[in-house]
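Read the structure below first, then the notes.
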Amino acid sequence: MPTVCTNNGRAKKWLSVVVRVTLGILLVLREHQVCSNTARTKLGSNRRSLYYKEQSQTKRQAIKLTRQQQRLNRKLMLTRLHITAMMPDSVSRQVVNSDIYVNSVDGDDSSDGSTPETAFKTLSKSLKGVKNASPPQNGDLVVHISGSFPGERLDITSDHAGSGPTSRVVFRGEGDGGAKMGGKDLVFMKVSDLDSNHPARIAATKTNAPLSKLWAAPPHPDFPSNDSSLRWPDGDCRDMEGYASPPVLSMNGLVQTRSRIPNLPQNVGVMPEMGHVLDTWLRTRKKDTVGKVTYESSDEDIIELASSDSWNSGAVVVHLFPLYDWFDARVRVGSRDLSKNLFKTITSQRGPGDPDEGKKFVIVPGSRYYLEGAIEYLDSPGEYHVSLGETDDGESHGWTLYYPPSGIEMNSASSLKSSVLSVDSTPFITVEGDSEYAGDDDMYVTFQNLHIEGGRRHLAHIYASSVDIVDCSFINAGHDAIEVYSRRVSIQNCTFEGSGGSSIQMMDDRDMDSNGYGYALMESGHSVTDSLVSDFSSTCRHYSEGVHLSGYGTIVTNNHFRSSNMAAIDVVGGGFKILHNVFSHVSDGSYDDGAIHWVAESPMERGTEVAYNVFFRNGVTAEPCNAETSCVQSDVYMDDMAGAMTIHGNIFLKDKVLQPKPPSKKFAKINWIAVFVNGGADVSIYENSFLGPEDDSTDGAIYGDASPLYAQTSGGTLWSDDDKCGHTELCASSDFYKTMRRFKYDQPPWSEAFPDVVKYNAKPSGSSNYYCAAESSCPVAAWNQTVTCNAGIGPNRSLSNRALWPTDDESFLNDGVVEGEEVPGRSAALTEHGNLLNTDSVWTVADVDAIEVSGMGAVLSLAEQVARAGEAVPPSCDEGSRAGSARSKLAGRHKNSCTIDWARDGMSSCDPCTEPDVQCAPRDMPSDGSCSCGDLNPTSPVTSVPTPPVPAVPSAVPTKSPVPTIPPVTSVVCEDDDEWKFKKNKKQNCAKWAANNPTKQCVKKGSGDMYTNEACPESCGVCPQNSDDAYDYYYRVGKCEKESSKKEIKNIDDARDCWQACDKSGDKRQYAEFIKNRCFCQKSCPCMTSVANNGRVTLVPRGFDLPESCDAPPVSSPTTREPSPVPSPVTGGDCRDDPNWKVVKKGTTMTCNWVATNKSPAWCNKQRGADGRYVSEACPEACGVCPSGDQSYTYYSGVGYCNGDESEQEANSPSECWEQCQKVNSDYVEYFKKVCYCQKTCPCMGDVNNNGRITLTPVGFELPSKC
């Protein structure tokens, strides 16, 4: 459960907790988890809000005090300048230079710095030169920096500012690799060359590495003597002032591995171009609530590896994810109890791994962890150990021991280019102006070609506006590499490698109190372009991403994000443009996460566009998912009602799954998805291409052994355990709704920027007499989802072009979910059409493995081919994307000629589609939402092929009572279906499954798309028992419209008890609905609502005709419908099964032959295959649809039923049904779920969209119009 984290008493100028500067109000939601693959699971976590709640008043007060002091200092400085100006010229300030030179090797601070020959020696002297020079007016003032400046800083104030966009102060590194700042290079020596009594050699003998392979470096000159400052602090890395890591070693610009167990896969010293994630963990054995780690007996040798001196020294820590696989903690180890296979932990943290636990330190079974800090753990190439003398009374204090990987030759200058140990925890670059608000100071400063490496906390702070960072490298940051808190900061063509936290925290400094309720629509003006963001979130994992965005409108384009356990981008705010990037091997080993992740605090976070990106093999790991976690792994993850986004033109390459099948109940199956939305509304997903894993290729590692393009949970309404406020738990007094009202969401500028937000109701009733999920004005319900013109690529990928709704069979949430109550109705809330399934294009995992090894060029070529495979095919062009919709040629670093213009002047300043060989479809879909082959000229009109919408149920006003799925019955014919099985398990029939525990089992959906109470009315207590139970019952017909007299009775065991409770309630409420052990009673039934509401049993007095739908449209003139027979009219010799048809369900591949052996009538009529056809359509022989013997008839599927007088009886197949109707001279037949309807006439067609029904007519008979 998200909690507002506070840290009272902070008085420092800059808070370490990243402030929330966009929408500012914390949405208090329950913490929801996917715990297993059994019953309905809960997921979602408003976790980002936990730390990014707005604290701008606190921070601004600190800034204000600082700024006041700065203004006082500036007045004193101006007074000094005035006095200086009155002095003779001989003592006046230095001559103004347009160029200033500084050289760490040949410079001299006594020189004037005006030429390379008279360069300054130090950065501090060059800053004095800038301060003494007038701000540039007609061109840039350039500070040319040559050499290496370990430990020195560039602290930029208003004294060093430029005067405008073309008159900047530029700090430019000279030479290849640029000027170097940060930590000092270590000098290594071979341990075997040291004297036997040397402290480093003695320490090396305590490692478990070959002595001949080890190298040692003496302490850094600035190495602190206080050991406590060099150890992991006891606190949350995202909520602790001044949090800094222990010293970290980087070699050749890559961070090395602190000695640990278990070992990571071998580090070869080189990062593959597409990246990799090396991650290996131990697992806890059982649950504990006081922070004790119980380990498996097989891990005894590992736990005992550290000597008692090391273990008890305070240096050994355990890094673990104690509760969820996205929230980590790092704490010291306590005493070991080897006889019980456990060790204690020592911490003063409140609930490490989940602050909502209060003072508890809960560790669940299967939690992942590793140990680090003992010298004995140094045993693998790529590892290092910084000794604090913990095992030798301080003799080796400060020495670094290193076991180099095969790719680094320590004696070779060409192989060993740098070796930096981070010691300092103060930023090496700071930019800060004078104003009370950081963004009000336009500094016009540029940093170019600087290499900053080796800091235990941040490498740079940017607390002023109009700052450019170009061609720079930020390597080995113990926490976030750059923290930006201002406006108009541009990061171009930079490299970020090895950040313990985020690589970039990109935030806006404005808030409502200062800038009005439209502040969150003000463009931040930030941009991150053409940069490499690699190996981030390595030590502080939760709430750390490659780039964290807050504010509005930041452009993130043409970057490469790679090699991390966590998300590449986290979004808090709106209007962001995330375009043309490549994401590879990010979010590997993390669940309830994605390559791009965001959490919304209210519907005001709108307008973000995720387009034209390439996602390559993200989420890949050999680690299973802890069952306490929401086991979702997706490339785009919209969490906790985040929505109002467009996601288009992306290429999702997610073909490889290394995760194992859950090895025990401690773990759960993974939902492996391209785009996942946890409850958000107003999401538009179009023209994306998805190459996922083959069905049945993961050995049960992922849910259903199939991977969908898109999945929605409707989490905002699904997870509520309370019926207040429309069954959502979120009432008008909640922060969620307060935020909307505070922002005046229904007034300009919000209503002008986003007109669709006006439809929401921000003052919902607190009553339980309605369902928010049934109302399109409910902002926490998943309305207005559009998934159109996308493509799934490759054979045997049945869900790769599908959008999954919680009530769909394939959804992991489908057990007992009720449309209109827990989730909006699928047909009303989701528009899904034109999604192509291209089974002709084939790339195997081995093919893509080879492509990955070849590097970025080969991967982008593959992405372009996948995009083309997803394009619509003429002449129909009604499925798939328009040509050029992915803009494939523009993806990746330096592929877009417009990035510099976009960073400087916004996206309207340049159009990359004018470049040669670049194909671009228009950015937006046609207004009618139709798919087409498209026109490659973005300014040309798009040729559209209209696709009729899927009509709601019912599609017209019925002229008679609707035909129930199971007709009204009496106790004589009400009986269990002997052939039905729950989830295909032969042992779980009605007698053994439902009767065993009807209260729990009867509300679950089983095989054939049937709820247990439908297939097993006897066992589930649906059937009337005696003459006192004078009722008819229906399924899937909705519920009687609610009236003021409606009464709810909870904890009812079955439908029969519900009827009796309503009938005996004192005022004869004789119209009842029973669902999930809840009973609703009322006195009348004026009309039917939620007609498509599955799982409900509707009870009415015997003989009562159900009324029409409450929202039925006005009756219009009959329309002619030309039904398409499935197949064309046939005789017995022409009706054949489709040998190529199949469907994959829960790991079982079912063909027509399988149906012939294992069929049940209900399964034939309801189950759909990968191509959308029902089994009865694809397998007419297996399902008994074909005429037999001398029978002759035409059969149809999905054309409705003949609306006339009818008789009914049971039959095992359509063929048998025809035979029985012929005996009573009826030539018009419908067959549905073992019920046979015979009619002598067919005047018009009712319920035309009732799919799954088989309609039989005489050969040559033409179906009439819709009734």
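Residues are referred to by chain and number: the chain letter is A, B, ... according to the order shown in the structure tokens, the number counts from 1 in that chain, and ligands are numbered separately from 1 in the order shown.
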
**OP:** Per DSSP on the backbone, filter stretch 183-292 of chain A down to the residues in helix (DSSP H, G or I) and report them as a list in words.
**Re:**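 After running DSSP on the backbone, stretch 183-292 of chain A has helix (DSSP H, G or I) at Val191, Ser192, Asp193, Pro199, Ala200, Arg201, Ile202, Ala203, Ala204, Leu211, Ser212, Lys213, Asp227, Ser228, Ser229 and Leu230 of chain A.
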
Subject >> d(atom CA of A:Ala203, atom CA of A:Trp232) in Å >> reply: 21.3 Å

Subject >> Non-local contacts of A:Pro150 (7 Å; only C-alpha atoms; under 5 positions in same chain excluded) as an MDAnalysis selection string >> reply: chainID A and resid 181:184

How would the residues just picked look written out with C-alpha atoms as a compact mmCIF listing (two decimals), in the first residue's frame?
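Written file, again_9.txt:
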# COMPACT_ATOMS: atom_id res chain seq x y z
CA MET A 181 36.92 14.89 -13.98
CA GLY A 182 35.95 12.83 -10.96
CA GLY A 183 37.98 10.17 -9.19
CA LYS A 184 41.65 9.50 -9.60

Original post:
Pick the closest to A:Gln448 from A:Val143, A:Asp301, A:Trp399, A:Leu371: which is it, counting only C-alpha atoms?
Top reply: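 Closest residue, counting only C-alpha atoms: A:Val143.
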
Original post:
Which residue, A:His833, A:Arg238, A:Lys417, A:Arg802, has the smallest gap to A:His479 when you use only C-alpha atoms?
Top reply: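 Among the listed residues, A:Arg238 lies closest to A:His479.
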
**OP:** Excluding A:Val318 and any residue of its chain fewer than 4 positions from it, enumerate the residues within 6 Å of it, using only C-alpha atoms, and give them as a PyMOL selection string.
**Re:** chain A and resi 330-331+370-371

Original post:
Hey, can you check how far atom CA of A:Val1224 sits from atom CA of A:Tyr1035?
Top reply: 28.2 Å

Subject >> All residues 10 Å or closer to A:Ala179, only C-alpha atoms, same chain fewer than 6 positions away omitted, as number ranges by chain >> reply: A: 103-104, 144-149, 171-173, 448-452, 472

Subject >> All residues 9 Å or closer to stretch 1149-1158 of chain A, only C-alpha atoms, same chain fewer than 6 positions away omitted, as a PyMOL selection string >> reply: chain A and resi 695-696+1137-1143+1164+1175+1178-1183

Could you write out that same residue set with N, CA and C atoms as a PDB file, in the first residue's frame?
ATOM      1  N   ASP A 695       3.800 -20.001 -28.995  1.00  0.00           N
ATOM      2  CA  ASP A 695       2.951 -20.689 -28.031  1.00  0.00           C
ATOM      3  C   ASP A 695       3.585 -22.024 -27.647  1.00  0.00           C
ATOM      4  N   ASP A 696       3.432 -22.407 -26.397  1.00  0.00           N
ATOM      5  CA  ASP A 696       3.908 -23.698 -25.896  1.00  0.00           C
ATOM      6  C   ASP A 696       5.423 -23.855 -25.953  1.00  0.00           C
ATOM      7  N   ASP A1137     -13.570 -30.894 -41.838  1.00  0.00           N
ATOM      8  CA  ASP A1137     -12.785 -30.156 -40.845  1.00  0.00           C
ATOM      9  C   ASP A1137     -11.604 -29.458 -41.510  1.00  0.00           C
ATOM     10  N   ASP A1138     -11.179 -28.341 -40.933  1.00  0.00           N
ATOM     11  CA  ASP A1138     -10.004 -27.609 -41.396  1.00  0.00           C
ATOM     12  C   ASP A1138      -8.768 -28.246 -40.754  1.00  0.00           C
ATOM     13  N   PRO A1139      -7.911 -28.890 -41.545  1.00  0.00           N
ATOM     14  CA  PRO A1139      -6.754 -29.585 -40.949  1.00  0.00           C
ATOM     15  C   PRO A1139      -5.726 -28.625 -40.345  1.00  0.00           C
ATOM     16  N   ASN A1140      -5.773 -27.321 -40.708  1.00  0.00           N
ATOM     17  CA  ASN A1140      -4.780 -26.364 -40.221  1.00  0.00           C
ATOM     18  C   ASN A1140      -5.239 -25.601 -38.984  1.00  0.00           C
ATOM     19  N   TRP A1141      -6.494 -25.802 -38.583  1.00  0.00           N
ATOM     20  CA  TRP A1141      -7.012 -25.028 -37.451  1.00  0.00           C
ATOM     21  C   TRP A1141      -6.470 -25.596 -36.137  1.00  0.00           C
ATOM     22  N   LYS A1142      -6.218 -24.676 -35.196  1.00  0.00           N
ATOM     23  CA  LYS A1142      -5.837 -25.124 -33.852  1.00  0.00           C
ATOM     24  C   LYS A1142      -6.025 -23.971 -32.883  1.00  0.00           C
ATOM     25  N   VAL A1143      -6.086 -24.289 -31.611  1.00  0.00           N
ATOM     26  CA  VAL A1143      -6.123 -23.298 -30.545  1.00  0.00           C
ATOM     27  C   VAL A1143      -5.269 -23.834 -29.403  1.00  0.00           C
ATOM     28  N   CYS A1164     -17.612 -26.956 -28.224  1.00  0.00           N
ATOM     29  CA  CYS A1164     -17.683 -26.703 -29.667  1.00  0.00           C
ATOM     30  C   CYS A1164     -18.367 -25.377 -29.976  1.00  0.00           C
ATOM     31  N   VAL A1175     -15.029 -23.306 -32.723  1.00  0.00           N
ATOM     32  CA  VAL A1175     -14.672 -24.683 -33.052  1.00  0.00           C
ATOM     33  C   VAL A1175     -15.689 -25.279 -34.025  1.00  0.00           C
ATOM     34  N   ALA A1178     -14.748 -24.236 -37.553  1.00  0.00           N
ATOM     35  CA  ALA A1178     -13.538 -24.826 -38.123  1.00  0.00           C
ATOM     36  C   ALA A1178     -13.600 -26.346 -38.178  1.00  0.00           C
ATOM     37  N   CYS A1179     -14.353 -26.961 -37.271  1.00  0.00           N
ATOM     38  CA  CYS A1179     -14.371 -28.418 -37.143  1.00  0.00           C
ATOM     39  C   CYS A1179     -15.815 -28.941 -37.243  1.00  0.00           C
ATOM     40  N   PRO A1180     -16.501 -28.741 -38.358  1.00  0.00           N
ATOM     41  CA  PRO A1180     -17.905 -29.159 -38.431  1.00  0.00           C
ATOM     42  C   PRO A1180     -18.084 -30.670 -38.326  1.00  0.00           C
ATOM     43  N   GLU A1181     -17.111 -31.435 -38.838  1.00  0.00           N
ATOM     44  CA  GLU A1181     -17.230 -32.885 -38.695  1.00  0.00           C
ATOM     45  C   GLU A1181     -17.096 -33.298 -37.228  1.00  0.00           C
ATOM     46  N   ALA A1182     -16.042 -32.782 -36.578  1.00  0.00           N
ATOM     47  CA  ALA A1182     -15.782 -33.169 -35.191  1.00  0.00           C
ATOM     48  C   ALA A1182     -16.915 -32.756 -34.267  1.00  0.00           C
ATOM     49  N   CYS A1183     -17.575 -31.638 -34.575  1.00  0.00           N
ATOM     50  CA  CYS A1183     -18.626 -31.123 -33.708  1.00  0.00           C
ATOM     51  C   CYS A1183     -20.020 -31.572 -34.145  1.00  0.00           C
TER      52      CYS A1183
END

**OP:** Mind listing the strand (DSSP E or B) residues of stretch 97-209 of chain A, per DSSP on the backbone, as a PyMOL selection string?
**Re:** chain A and resi 99-103+120+141-146+148-150+154-156+164+167+169-173+179-182+185+189-190

Original post:
Contacts of stretch 227-230 of chain A at 7 Å or less, counting only C-alpha atoms, minus same-chain residues fewer than 4 places along, as JSON, numbers by chain?
Top reply: {"A": [246, 247, 388]}

I need the residues from that last selection saved to file as a compact mmCIF listing (two decimals), in the first residue's frame (with all heavy atoms), if you can.
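Listed below is the output, result_30.txt:
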# COMPACT_ATOMS: atom_id res chain seq x y z
N PRO A 246 29.28 2.63 -1.00
CA PRO A 246 30.70 2.43 -0.74
C PRO A 246 31.49 2.70 -2.03
O PRO A 246 30.92 2.84 -3.10
CB PRO A 246 30.77 0.96 -0.34
CG PRO A 246 29.38 0.59 0.07
CD PRO A 246 28.49 1.41 -0.80
N PRO A 247 32.80 2.77 -1.94
CA PRO A 247 33.60 3.00 -3.15
C PRO A 247 33.34 1.93 -4.21
O PRO A 247 33.24 0.74 -3.90
CB PRO A 247 35.05 2.93 -2.63
CG PRO A 247 34.94 3.31 -1.20
CD PRO A 247 33.64 2.75 -0.73
N LEU A 388 38.70 -2.62 4.22
CA LEU A 388 38.66 -1.68 5.34
C LEU A 388 39.44 -2.23 6.53
O LEU A 388 39.28 -1.76 7.66
CB LEU A 388 37.20 -1.40 5.73
CG LEU A 388 36.33 -0.80 4.63
CD1 LEU A 388 34.92 -0.54 5.15
CD2 LEU A 388 36.94 0.49 4.08
